[in-house]
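A.B. asks: The file below is start-v9.pdb, PDB, C-alpha atoms:
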```pdb
MODEL        1
ATOM      1  CA  MET A   1       0.000   0.000   0.000  1.00  0.00           C
ATOM      2  CA  GLN A   2       1.162   3.489  -0.797  1.00  0.00           C
ATOM      3  CA  ARG A   3       0.388   6.766   0.866  1.00  0.00           C
ATOM      4  CA  PHE A   4      -2.554   8.662  -0.569  1.00  0.00           C
ATOM      5  CA  GLY A   5      -0.479  11.625  -1.747  1.00  0.00           C
ATOM      6  CA  GLU A   6       1.939   9.358  -3.609  1.00  0.00           C
ATOM      7  CA  VAL A   7      -0.904   7.643  -5.434  1.00  0.00           C
ATOM      8  CA  LEU A   8      -2.382  11.017  -6.382  1.00  0.00           C
ATOM      9  CA  LEU A   9       0.926  12.151  -7.869  1.00  0.00           C
ATOM     10  CA  MET A  10       1.221   8.942  -9.876  1.00  0.00           C
ATOM     11  CA  CYS A  11      -2.130   9.773 -11.514  1.00  0.00           C
ATOM     12  CA  HIS A  12      -1.156  13.274 -12.657  1.00  0.00           C
ATOM     13  CA  GLY A  13      -0.336  12.411 -16.275  1.00  0.00           C
ATOM     14  CA  ALA A  14      -3.480  10.355 -16.728  1.00  0.00           C
ATOM     15  CA  LEU A  15      -5.645  13.046 -15.141  1.00  0.00           C
ATOM     16  CA  TYR A  16      -4.130  15.713 -17.374  1.00  0.00           C
ATOM     17  CA  ARG A  17      -4.672  13.649 -20.547  1.00  0.00           C
ATOM     18  CA  TYR A  18      -8.287  12.987 -19.590  1.00  0.00           C
ATOM     19  CA  ALA A  19      -8.871  16.661 -18.736  1.00  0.00           C
ATOM     20  CA  ARG A  20      -7.298  17.665 -22.068  1.00  0.00           C
ATOM     21  CA  ALA A  21      -9.609  15.259 -23.888  1.00  0.00           C
ATOM     22  CA  LEU A  22     -12.635  16.654 -22.086  1.00  0.00           C
ATOM     23  CA  SER A  23     -11.795  20.341 -22.479  1.00  0.00           C
ATOM     24  CA  GLY A  24      -9.600  20.510 -25.565  1.00  0.00           C
ATOM     25  CA  ASP A  25      -7.646  23.320 -23.892  1.00  0.00           C
ATOM     26  CA  PRO A  26      -4.321  22.853 -22.050  1.00  0.00           C
ATOM     27  CA  GLY A  27      -4.975  25.717 -19.622  1.00  0.00           C
ATOM     28  CA  VAL A  28      -8.445  24.496 -18.731  1.00  0.00           C
ATOM     29  CA  ALA A  29      -7.055  20.968 -18.393  1.00  0.00           C
ATOM     30  CA  GLU A  30      -4.483  22.140 -15.819  1.00  0.00           C
ATOM     31  CA  GLU A  31      -7.176  23.921 -13.816  1.00  0.00           C
ATOM     32  CA  LEU A  32      -9.376  20.852 -13.999  1.00  0.00           C
ATOM     33  CA  VAL A  33      -6.576  18.640 -12.658  1.00  0.00           C
ATOM     34  CA  GLN A  34      -5.882  21.088  -9.834  1.00  0.00           C
ATOM     35  CA  GLU A  35      -9.550  21.175  -8.855  1.00  0.00           C
ATOM     36  CA  THR A  36      -9.673  17.366  -8.988  1.00  0.00           C
ATOM     37  CA  TYR A  37      -6.729  17.165  -6.583  1.00  0.00           C
ATOM     38  CA  ARG A  38      -8.268  19.788  -4.308  1.00  0.00           C
ATOM     39  CA  ARG A  39     -11.528  17.875  -4.064  1.00  0.00           C
ATOM     40  CA  ALA A  40      -9.830  14.503  -3.691  1.00  0.00           C
ATOM     41  CA  LEU A  41      -7.696  15.788  -0.827  1.00  0.00           C
ATOM     42  CA  ALA A  42     -10.720  17.383   0.826  1.00  0.00           C
ATOM     43  CA  ALA A  43     -12.879  14.250   0.483  1.00  0.00           C
ATOM     44  CA  ARG A  44     -13.931  12.729   3.743  1.00  0.00           C
ATOM     45  CA  ASN A  45     -14.627   9.320   2.228  1.00  0.00           C
ATOM     46  CA  LYS A  46     -11.339   8.636   0.469  1.00  0.00           C
ATOM     47  CA  PRO A  47     -10.963   5.093  -0.818  1.00  0.00           C
ATOM     48  CA  ALA A  48      -9.858   2.812   1.989  1.00  0.00           C
ATOM     49  CA  VAL A  49      -7.505   0.891  -0.300  1.00  0.00           C
ATOM     50  CA  LEU A  50      -4.743   3.160  -1.493  1.00  0.00           C
ATOM     51  CA  SER A  51      -3.694   1.307  -4.625  1.00  0.00           C
ATOM     52  CA  LEU A  52      -3.342   3.017  -7.974  1.00  0.00           C
ATOM     53  CA  GLU A  53      -5.924   0.682  -9.509  1.00  0.00           C
ATOM     54  CA  GLN A  54      -8.507   1.711  -6.908  1.00  0.00           C
ATOM     55  CA  VAL A  55      -7.807   5.444  -6.785  1.00  0.00           C
ATOM     56  CA  ARG A  56      -7.524   6.198 -10.535  1.00  0.00           C
ATOM     57  CA  PRO A  57     -11.183   5.503 -11.420  1.00  0.00           C
ATOM     58  CA  TRP A  58     -12.267   7.459  -8.350  1.00  0.00           C
ATOM     59  CA  LEU A  59     -10.182  10.464  -9.477  1.00  0.00           C
ATOM     60  CA  PHE A  60     -11.528  10.205 -13.040  1.00  0.00           C
ATOM     61  CA  THR A  61     -15.063  10.258 -11.623  1.00  0.00           C
ATOM     62  CA  ILE A  62     -14.312  13.375  -9.585  1.00  0.00           C
ATOM     63  CA  GLN A  63     -12.781  15.052 -12.638  1.00  0.00           C
ATOM     64  CA  ARG A  64     -15.687  14.116 -14.884  1.00  0.00           C
ATOM     65  CA  ASN A  65     -18.204  15.504 -12.389  1.00  0.00           C
ATOM     66  CA  ILE A  66     -16.280  18.786 -12.152  1.00  0.00           C
ATOM     67  CA  TRP A  67     -16.192  19.041 -15.962  1.00  0.00           C
ATOM     68  CA  GLN A  68     -19.914  18.327 -16.314  1.00  0.00           C
ATOM     69  CA  ASN A  69     -20.691  21.022 -13.746  1.00  0.00           C
ATOM     70  CA  LEU A  70     -18.489  23.526 -15.613  1.00  0.00           C
ATOM     71  CA  VAL A  71     -20.162  22.734 -18.938  1.00  0.00           C
ATOM     72  CA  ARG A  72     -23.638  22.988 -17.425  1.00  0.00           C
ATOM     73  CA  ASP A  73     -22.806  26.293 -15.738  1.00  0.00           C
ATOM     74  CA  SER A  74     -21.273  27.793 -18.895  1.00  0.00           C
ATOM     75  CA  ARG A  75     -24.343  26.790 -20.936  1.00  0.00           C
ATOM     76  CA  ARG A  76     -26.594  28.455 -18.398  1.00  0.00           C
ATOM     77  CA  GLU A  77     -24.462  31.611 -18.508  1.00  0.00           C
ATOM     78  CA  ALA A  78     -24.517  31.673 -22.319  1.00  0.00           C
ATOM     79  CA  GLU A  79     -28.283  31.203 -22.408  1.00  0.00           C
ATOM     80  CA  GLN A  80     -28.718  33.933 -19.834  1.00  0.00           C
ATOM     81  CA  GLU A  81     -26.467  36.311 -21.813  1.00  0.00           C
ATOM     82  CA  LEU A  82     -28.417  35.661 -25.015  1.00  0.00           C
ATOM     83  CA  GLU A  83     -31.667  36.226 -23.173  1.00  0.00           C
ATOM     84  CA  GLU A  84     -30.388  39.490 -21.681  1.00  0.00           C
ATOM     85  CA  GLU A  85     -29.094  40.550 -25.089  1.00  0.00           C
ATOM     86  CA  ALA A  86     -32.484  39.881 -26.650  1.00  0.00           C
ATOM     87  CA  HIS A  87     -34.263  42.005 -24.043  1.00  0.00           C
ATOM     88  CA  ALA A  88     -31.667  44.776 -23.849  1.00  0.00           C
ATOM     89  CA  ALA A  89     -31.000  45.395 -27.540  1.00  0.00           C
ATOM     90  CA  PRO A  90     -33.457  43.910 -30.050  1.00  0.00           C
ATOM     91  CA  GLU A  91     -31.497  45.488 -32.915  1.00  0.00           C
ATOM     92  CA  ALA A  92     -28.482  43.353 -31.932  1.00  0.00           C
ATOM     93  CA  LEU A  93     -30.412  40.270 -33.063  1.00  0.00           C
ATOM     94  CA  SER A  94     -30.530  41.307 -36.699  1.00  0.00           C
ATOM     95  CA  PRO A  95     -30.253  38.577 -39.343  1.00  0.00           C
ATOM     96  CA  GLU A  96     -26.593  39.516 -39.853  1.00  0.00           C
ATOM     97  CA  HIS A  97     -25.916  39.231 -36.140  1.00  0.00           C
ATOM     98  CA  LEU A  98     -27.654  35.861 -35.943  1.00  0.00           C
ATOM     99  CA  LEU A  99     -25.689  34.639 -38.966  1.00  0.00           C
ATOM    100  CA  GLN A 100     -22.419  35.739 -37.372  1.00  0.00           C
ATOM    101  CA  GLN A 101     -23.323  33.929 -34.153  1.00  0.00           C
ATOM    102  CA  LYS A 102     -24.247  30.789 -36.098  1.00  0.00           C
ATOM    103  CA  PHE A 103     -20.977  30.895 -38.051  1.00  0.00           C
ATOM    104  CA  LEU A 104     -18.984  31.389 -34.850  1.00  0.00           C
ATOM    105  CA  ARG A 105     -20.699  28.439 -33.165  1.00  0.00           C
ATOM    106  CA  SER A 106     -19.959  26.323 -36.234  1.00  0.00           C
ATOM    107  CA  GLU A 107     -16.279  27.264 -36.181  1.00  0.00           C
ATOM    108  CA  ILE A 108     -16.033  26.476 -32.480  1.00  0.00           C
ATOM    109  CA  ALA A 109     -17.756  23.139 -32.983  1.00  0.00           C
ATOM    110  CA  GLN A 110     -15.257  22.238 -35.730  1.00  0.00           C
ATOM    111  CA  ALA A 111     -12.351  23.084 -33.407  1.00  0.00           C
ATOM    112  CA  VAL A 112     -13.565  20.551 -30.840  1.00  0.00           C
ATOM    113  CA  ASP A 113     -12.280  17.033 -31.261  1.00  0.00           C
ATOM    114  CA  SER A 114     -14.059  15.091 -33.984  1.00  0.00           C
ATOM    115  CA  LEU A 115     -15.864  12.699 -31.667  1.00  0.00           C
ATOM    116  CA  PRO A 116     -19.018  13.535 -29.730  1.00  0.00           C
ATOM    117  CA  ASP A 117     -18.354  14.096 -26.026  1.00  0.00           C
ATOM    118  CA  ALA A 118     -19.707  10.789 -24.770  1.00  0.00           C
ATOM    119  CA  TYR A 119     -17.806   8.814 -27.383  1.00  0.00           C
ATOM    120  CA  ARG A 120     -14.594  10.800 -26.936  1.00  0.00           C
ATOM    121  CA  GLU A 121     -14.777  10.385 -23.185  1.00  0.00           C
ATOM    122  CA  ALA A 122     -15.218   6.603 -23.340  1.00  0.00           C
ATOM    123  CA  PHE A 123     -12.560   6.299 -26.052  1.00  0.00           C
ATOM    124  CA  VAL A 124      -9.948   8.272 -24.084  1.00  0.00           C
ATOM    125  CA  LEU A 125     -10.606   6.344 -20.888  1.00  0.00           C
ATOM    126  CA  ARG A 126     -10.236   3.012 -22.724  1.00  0.00           C
ATOM    127  CA  GLU A 127      -7.561   3.613 -25.344  1.00  0.00           C
ATOM    128  CA  VAL A 128      -5.427   6.299 -23.704  1.00  0.00           C
ATOM    129  CA  GLU A 129      -5.889   5.597 -20.006  1.00  0.00           C
ATOM    130  CA  GLU A 130      -6.412   1.851 -20.501  1.00  0.00           C
ATOM    131  CA  LEU A 131      -9.259   1.526 -18.021  1.00  0.00           C
ATOM    132  CA  SER A 132     -11.298  -1.654 -18.219  1.00  0.00           C
ATOM    133  CA  TYR A 133     -14.852  -1.488 -19.492  1.00  0.00           C
ATOM    134  CA  ALA A 134     -16.109  -1.987 -15.931  1.00  0.00           C
ATOM    135  CA  GLU A 135     -13.946   0.874 -14.632  1.00  0.00           C
ATOM    136  CA  ILE A 136     -15.209   3.152 -17.415  1.00  0.00           C
ATOM    137  CA  ALA A 137     -18.795   2.223 -16.555  1.00  0.00           C
ATOM    138  CA  ALA A 138     -18.117   3.222 -12.945  1.00  0.00           C
ATOM    139  CA  VAL A 139     -16.466   6.516 -13.933  1.00  0.00           C
ATOM    140  CA  ILE A 140     -19.201   7.646 -16.326  1.00  0.00           C
ATOM    141  CA  GLN A 141     -21.956   6.053 -14.249  1.00  0.00           C
ATOM    142  CA  SER A 142     -23.432   4.104 -17.149  1.00  0.00           C
ATOM    143  CA  PRO A 143     -24.164   0.441 -17.786  1.00  0.00           C
ATOM    144  CA  LEU A 144     -21.437  -1.742 -19.288  1.00  0.00           C
ATOM    145  CA  GLY A 145     -23.440  -2.099 -22.504  1.00  0.00           C
ATOM    146  CA  THR A 146     -23.496   1.676 -22.929  1.00  0.00           C
ATOM    147  CA  VAL A 147     -19.717   1.788 -22.575  1.00  0.00           C
ATOM    148  CA  MET A 148     -19.306  -0.937 -25.180  1.00  0.00           C
ATOM    149  CA  SER A 149     -21.731   0.797 -27.536  1.00  0.00           C
ATOM    150  CA  ARG A 150     -20.013   4.173 -27.184  1.00  0.00           C
ATOM    151  CA  LEU A 151     -16.623   2.631 -27.836  1.00  0.00           C
ATOM    152  CA  ALA A 152     -17.882   0.814 -30.924  1.00  0.00           C
ATOM    153  CA  ARG A 153     -19.474   3.978 -32.274  1.00  0.00           C
ATOM    154  CA  ALA A 154     -16.386   6.054 -31.500  1.00  0.00           C
ATOM    155  CA  ARG A 155     -14.209   3.601 -33.383  1.00  0.00           C
ATOM    156  CA  GLN A 156     -16.646   3.551 -36.298  1.00  0.00           C
ATOM    157  CA  ILE A 157     -16.674   7.366 -36.509  1.00  0.00           C
ATOM    158  CA  LEU A 158     -12.891   7.470 -36.315  1.00  0.00           C
ATOM    159  CA  ARG A 159     -12.569   4.883 -39.092  1.00  0.00           C
ATOM    160  CA  ARG A 160     -14.877   6.930 -41.334  1.00  0.00           C
ATOM    161  CA  SER A 161     -13.255  10.270 -40.588  1.00  0.00           C
ATOM    162  CA  LEU A 162      -9.737   8.879 -41.059  1.00  0.00           C
ATOM    163  CA  ALA A 163     -10.535   6.770 -44.137  1.00  0.00           C
ATOM    164  CA  ALA A 164      -9.229   9.529 -46.435  1.00  0.00           C
ATOM    165  CA  TYR A 165      -5.779   8.979 -44.941  1.00  0.00           C
ATOM    166  CA  GLY A 166      -5.791   5.233 -45.557  1.00  0.00           C
ATOM    167  CA  PRO A 167      -4.202   3.253 -48.400  1.00  0.00           C
ATOM    168  CA  GLU A 168      -7.397   3.395 -50.521  1.00  0.00           C
ATOM    169  CA  HIS A 169      -7.164   7.182 -50.724  1.00  0.00           C
ATOM    170  CA  ARG A 170      -3.560   7.090 -51.850  1.00  0.00           C
ATOM    171  CA  ARG A 171      -4.423   4.756 -54.742  1.00  0.00           C
ATOM    172  CA  VAL A 172      -7.340   6.918 -55.838  1.00  0.00           C
ATOM    173  CA  SER A 173      -5.403  10.187 -55.719  1.00  0.00           C
ATOM    174  CA  ARG A 174      -2.522   8.953 -57.911  1.00  0.00           C
TER     175      ARG A 174
ENDMDL
END
```
Output the file's structure in the form of structure tokens.
C.D. replies:
Amino acid sequence: MQRFGEVLLMCHGALYRYARALSGDPGVAEELVQETYRRALAARNKPAVLSLEQVRPWLFTIQRNIWQNLVRDSRREAEQELEEEAHAAPEALSPEHLLQQKFLRSEIAQAVDSLPDAYREAFVLREVEELSYAEIAAVIQSPLGTVMSRLARARQILRRSLAAYGPEHRRVSR
């Protein structure tokens, strides 16, 4: 058995990679890891067994919950801002303004990793962090079948989106 702090430090790289996959932003990922550590250290019901295999899924769950809260809060703020904008300045919602907002949202969406959130999350936990299907199910609080389905769909999407880089494309383009 190792001391709790040592186990936490051993998880830093994995936590950062997962946070980076969730947020897509290195700065946000660092803040997310720091908040995960803060909450883990403050937790009253720390895992009794202090092995890396036991603590890692617990930390991923904490991190995922923090991320989901941040996303939910930012959506609420954005909706509130749009609502305030609509009431404060009706002229700001001209067709041109709406088109600009739509284009901006589209550009932002394209900058996010190619996989949908749920698929990307399951894929990163399995393929990058090498968690078992059961551990992923515990982290994302979903049934095992959902994990398997998300992984299959993520792989299918990745195969389709990367097909242009495969050997078939090279033959066609010559």
A.B. asks: Just want the 8 Å neighbourhood of stretch 15-28 of chain A, counted on all atoms listed in the file, with same-chain residues fewer than 4 positions away dropped. Output as a ChimeraX atom specification.
C.D. replies: /A:11,32-33,59-60,63,67,112-113,117,120-121,124-125,129
A.B. asks: Taking the file as shown, what set of residues would the PyMOL selection byres ((chain A and resi 62) around 12) give back, as a PyMOL selection string?
C.D. replies: chain A and resi 15+18-19+32-43+46+55-61+63-69+138-141
A.B. asks: For atom CA of A:Arg75 and atom CA of A:Pro116, determine how far apart the two atoms are, in Å to one decimal place.
C.D. replies: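 Atom CA of A:Pro116 lies 16.8 Å from atom CA of A:Arg75.
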A.B. asks: Please compute the atom CA of A:Gln156-atom CA of A:Arg126 distance, one decimal, in Å.
C.D. replies: 15.0 Å
A.B. asks: How many Å lie between atom CA of A:Tyr119 and atom CA of A:Arg153, rounded to one decimal?
C.D. replies: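 Taking atom CA of A:Tyr119 as the start and atom CA of A:Arg153 as the end point, the length is 7.1 Å.
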A.B. asks: Compare A:Gln80, A:Ser51, A:Ser74, A:Ser132 by their minimum atom-to-atom distance to A:Leu151, counting only C-alpha atoms, and give me the closest one.
C.D. replies: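 Result for the nearest residue to A:Leu151: A:Ser132.
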